Amino acid sequence: MSDAHTATDASGHAPFPATGRRVLVSGASRGLGRALARAFADNGDRVAVHFGSREQEARATLDSLPGFGHALVGGDLSDPARAKDVADRAAEALGGGVDVLVNNAAVNLPHPPATTSYEDWSALWQRHMSVNLLATANLSHLAAHRMIGQGTGGRIVNIGSRGAFRGEPDHPAYGATKAAVHALGQSLAVALAPHGIAVASVAPGFFGTMGVPPAH
Ligand SMILES: NC(=O)c1ccc[n+]([C@@H]2O[C@H](COP(=O)([O-])OP(=O)(O)OC[C@H]3O[C@@H](n4cnc5c(N)ncnc54)[C@H](OP(=O)(O)O)[C@@H]3O)[C@@H](O)[C@H]2O)c1
């Protein structure tokens, strides 16, 4: 039975709350992450605003959120140990758990195959892999284990990209890692459904941010 404040979980687990959830949004110092943090807060959720290096911008996100119980959590997600630290501190700051993880943090840096040196090419592939794919996998694992331990189920949302399906000629590592994010989401959706955890991936088109200037 559902009403405006509850949503019945597809797996038959206890009703999943539609408001007042504990939400971790990675990469919420700016851009889409900031907008997502505001949308969750507008909905009455508590948000852990994660940032990589831009603490001041992340604090501006935090200060703009309506409601209460929000928190600021910084850390470079390309380091698996730091990712675990971020997940632990976010859960603690949100009152001891997490109900929703949004894997939004990503890098998108140019490396046209024909003109990029091998040194830059290999370094940029490592960077895209570690932030876009491995951090998404690591945060998902950490959140899923926490949600299973809570016995509450949960939600994981991956921010993919149109580039996963259409190619990115000047940013091939970005396109490939986003394709992998979508594949990861398909696997996790099936694997975690029995635990009441729904996993979804979205593929936005272009929108203007610091990461992608409006003229793109
Ligand atoms: N903009 C578009 O047109 C577009 C299109 C399709 C999909 N997307 C996807 O949508 C999402 C948001 O895009 P956006 O344009 O809003 O991005 P953005 O403005 O470039 O912001 C990226 C966010 O990721 C964080 N981040 C980057 N590297 C990190 C690291 N190593 N550790 C921790 N955090 C890190 C940044 O934190 P700091 O700034 O604090 O370092 C920032 O908060 C991304 O997944 C992107 O791929 C964007």
# chains A, B, ... in the order shown; residues from 1 in each chain; ligands from 1
call {"tool": "residues_near_ligand", "arguments": {"ligand": "ligand 1", "cutoff": "8 Å", "atoms": "only C-alpha atoms and all ligand atoms", "output": "number ranges by chain"}}
result
A: 26-34, 50-55, 57-58, 74-79, 103-108, 127, 130-132, 158-163, 174, 178, 203-213
call {"tool": "closest_residue", "arguments": {"among": "A:Asn138, A:Ser201, A:Thr61, A:Ser187", "to": "Ala35 in chain A", "atoms": "only C-alpha atoms"}}
result
A:Thr61
call {"tool": "residues_around", "arguments": {"residues": "Asp45 in chain A", "least_positions_apart": "2", "cutoff": "12 Å", "atoms": "only C-alpha atoms", "output": "number ranges by chain"}}
result
A: 5, 17-25, 36-43, 47-48, 65-71, 94, 98-100
call {"tool": "atom_distance", "arguments": {"atom1": "CA of Arg89 in chain A", "atom2": "CA of Gly149 in chain A"}}
result
16.6 Å
call {"tool": "residues_around", "arguments": {"residues": "Pro113 in chain A", "least_positions_apart": "3", "cutoff": "8 Å", "atoms": "only C-alpha atoms", "output": "list of chain:residue names"}}
result
A:Thr116, A:Trp121, A:Pro169, A:Asp170, A:Pro172
call {"tool": "write_last_selection", "arguments": {"atoms": "N, CA and C atoms", "output": "tab-separated table (two decimals), in the first residue's frame"}}
result
chain	number	residue	atom	x	y	z
A	116	THR	N	47.25	12.94	-28.80
A	116	THR	CA	47.65	12.88	-27.39
A	116	THR	C	48.87	11.97	-27.24
A	121	TRP	N	48.01	9.99	-22.56
A	121	TRP	CA	46.93	9.03	-22.83
A	121	TRP	C	46.78	8.02	-21.69
A	169	PRO	N	34.56	10.88	-29.32
A	169	PRO	CA	35.79	10.82	-30.13
A	169	PRO	C	37.00	11.51	-29.50
A	170	ASP	N	36.78	12.63	-28.81
A	170	ASP	CA	37.91	13.34	-28.20
A	170	ASP	C	38.08	13.02	-26.72
A	172	PRO	N	37.67	9.49	-25.32
A	172	PRO	CA	37.27	8.07	-25.37
A	172	PRO	C	37.26	7.37	-24.01
call {"tool": "select_by_dssp", "arguments": {"residues": "range 52-190 of chain A", "states": "strand (DSSP E)", "output": "list in words"}}
result
Ala71, Leu72, Val73, Gly74, Val100, Leu101, Val102, Asn103, Gly154, Arg155, Ile156, Val157, Asn158 and Ile159 of chain A
call {"tool": "closest_residue", "arguments": {"among": "A:Ala176, A:Val181, A:Gly153, A:Val190", "to": "Pro15 in chain A", "atoms": "only C-alpha atoms"}}
result
A:Gly153
call {"tool": "select_by_dssp", "arguments": {"residues": "range 19-201 of chain A", "states": "helix (DSSP H, G or I)", "output": "PyMOL selection string"}}
result
chain A and resi 31-42+55-64+80-93+118-150+163-166+172-195
call {"tool": "atom_distance", "arguments": {"atom1": "CA of Ala83 in chain A", "atom2": "CA of Leu109 in chain A"}}
result
21.3 Å
call {"tool": "closest_residue", "arguments": {"among": "A:His111, A:Arg166, A:Arg146, A:His141", "to": "Ala191 in chain A", "atoms": "only C-alpha atoms"}}
result
A:His141
call {"tool": "atom_distance", "arguments": {"atom1": "CA of Leu139 in chain A", "atom2": "CA of Trp125 in chain A"}}
result
19.9 Å
call {"tool": "residues_around", "arguments": {"residues": "Ala144 in chain A", "least_positions_apart": "4", "cutoff": "12 Å", "atoms": "only C-alpha atoms", "output": "number ranges by chain"}}
result
A: 87, 97-101, 136-140, 148-157, 188-189, 191-199
call {"tool": "closest_residue", "arguments": {"among": "A:Ala114, A:Ala81, A:Leu62, A:Ala135", "to": "Leu184 in chain A", "atoms": "only C-alpha atoms"}}
result
A:Ala135
